[in-house]
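Here the structure is laid out as structure tokens; the discussion comes afterwards.
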Amino acid sequence: MSLDVSPALLEKAERGEVDEAEFVDCVRTSLPYAWEMISSLVAQLKVDGGDFADNQTPPPDEHARGQLLRALASDAIRGALQRHFGVRLAFQNCHRVAVFPMDASADESLARFTSVRSQLLNQSPELRDC
């Protein structure tokens with residue numbers, strides 16, 4: 001299961017559209033490692049500036065890795081996080097999360113980060129089974 005959905009939120013979803021803020025809160029509480037990773041990268045980008053901020057440290061365990069995978073593999077979750085934080089998210093392997101500004105100034109950096117070449121260069125034997 002990707003998210004821990006409360007009965008009240010599930011009931012709202014069954015009746016119609018859910019407020020995105022409620023969905024984002026559900027993501028925050030369901031995937032705390034992923035939430036903290038992304039929010040810390042957003043803070044780093046704001047403080048340091050530059051084209052992007054990224055994490056290159058593998059998660060501490062498979063549970064944390066699973067949270068990153070669930071957050072970034074779901075179009076709904078990923079899109080909600082991007083809108084909430086005002087960034088574009090990118091993902092390599094099973095741990096390297098990056099945040100990019102929404103404006104066009106980071107387009108070239110985002111294209112390089114998400115390129116086939118960058119994916120190949122970011123491989124290592126330690127990450128083969130992640």
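By convention in this document, the chains of the structure tokens carry letters A, B, ... by their order, each chain's residues are numbered from 1, and ligands are numbered from 1 in the order they are shown.
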
Considering only C-alpha atoms, return as a tab-separated table (two decimals) with C-alpha atoms, in the first residue's frame whatever protein or nucleic-acid residues lie within 12 Å of A:Ala53, sequence-local ones (same chain, fewer than 2 positions apart) excluded.
chain	number	residue	atom	x	y	z
A	37	MET	CA	14.14	14.12	1.91
A	38	ILE	CA	12.21	16.33	-0.52
A	39	SER	CA	11.53	19.14	1.94
A	40	SER	CA	15.20	19.27	2.98
A	41	LEU	CA	16.28	19.44	-0.66
A	42	VAL	CA	13.80	22.26	-1.29
A	43	ALA	CA	15.26	24.15	1.70
A	44	GLN	CA	18.79	23.50	0.43
A	45	LEU	CA	17.88	24.83	-3.02
A	46	LYS	CA	16.42	28.00	-1.49
A	47	VAL	CA	19.47	28.59	0.72
A	48	ASP	CA	22.22	27.61	-1.73
A	49	GLY	CA	20.56	28.67	-4.97
A	50	GLY	CA	21.90	27.11	-8.12
A	51	ASP	CA	20.24	24.96	-10.74
A	55	ASN	CA	20.64	13.70	-2.55
A	56	GLN	CA	23.35	11.17	-3.32
A	87	VAL	CA	9.64	22.59	-7.69
A	88	ARG	CA	10.19	19.95	-10.33
A	89	LEU	CA	11.32	16.57	-9.05
A	90	ALA	CA	13.72	14.20	-10.77
A	91	PHE	CA	14.82	10.73	-9.74
A	96	ARG	CA	18.98	10.05	-5.99
A	97	VAL	CA	16.24	12.63	-5.68
A	98	ALA	CA	16.74	16.12	-7.10
A	99	VAL	CA	14.66	19.27	-6.95
A	100	PHE	CA	14.74	21.91	-9.66
A	101	PRO	CA	13.14	25.36	-9.77
A	106	ALA	CA	16.89	25.07	-14.83
A	109	SER	CA	20.24	21.14	-15.90
A	110	LEU	CA	17.06	19.09	-15.60
A	113	PHE	CA	20.11	15.13	-14.95

DSSP on the backbone, then: every residue of chain A marked alpha helix (DSSP H), written as a PyMOL selection string. chain A and resi 7-15+20-30+32-48+62-73+75-85+107-113+116-121

Extract the full set of strand (DSSP E or B) residues from stretch 32-92 of chain A according to DSSP on the backbone, and format it as a count of residues only. 8

May I ask for the distance between atom CA of A:Glu22 and atom CA of A:Pro58, given in Å to one decimal place?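 Computed distance, atom CA of A:Glu22 to atom CA of A:Pro58, equals 29.1 Å.
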
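Separating atom CA of A:Ala111 from atom CA of A:Leu72 is a distance of 17.3 Å.
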
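Distances from A:Ala21, A:Leu68, A:Leu120, A:Met102 to A:Trp35 were compared using only C-alpha atoms, and the smallest one belongs to A:Leu68.
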
Which of A:Val18, A:Ala34, A:Cys26, A:Leu10 sits closest to A:Arg70 [using only C-alpha atoms]: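 Looking only at the distances to A:Arg70, the closest residue turns out to be A:Ala34.
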
Atom-to-atom span, atom CA of A:Leu31 and atom CA of A:Ser2, Å: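 Distance reported for this atom pair: 8.3 Å.
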
Neighbour list for stretch 75-84 of chain A as a PyMOL selection string, cut-off 8 Å, only C-alpha atoms, skip fewer than 6 positions in-chain: chain A and resi 20+23-24+27
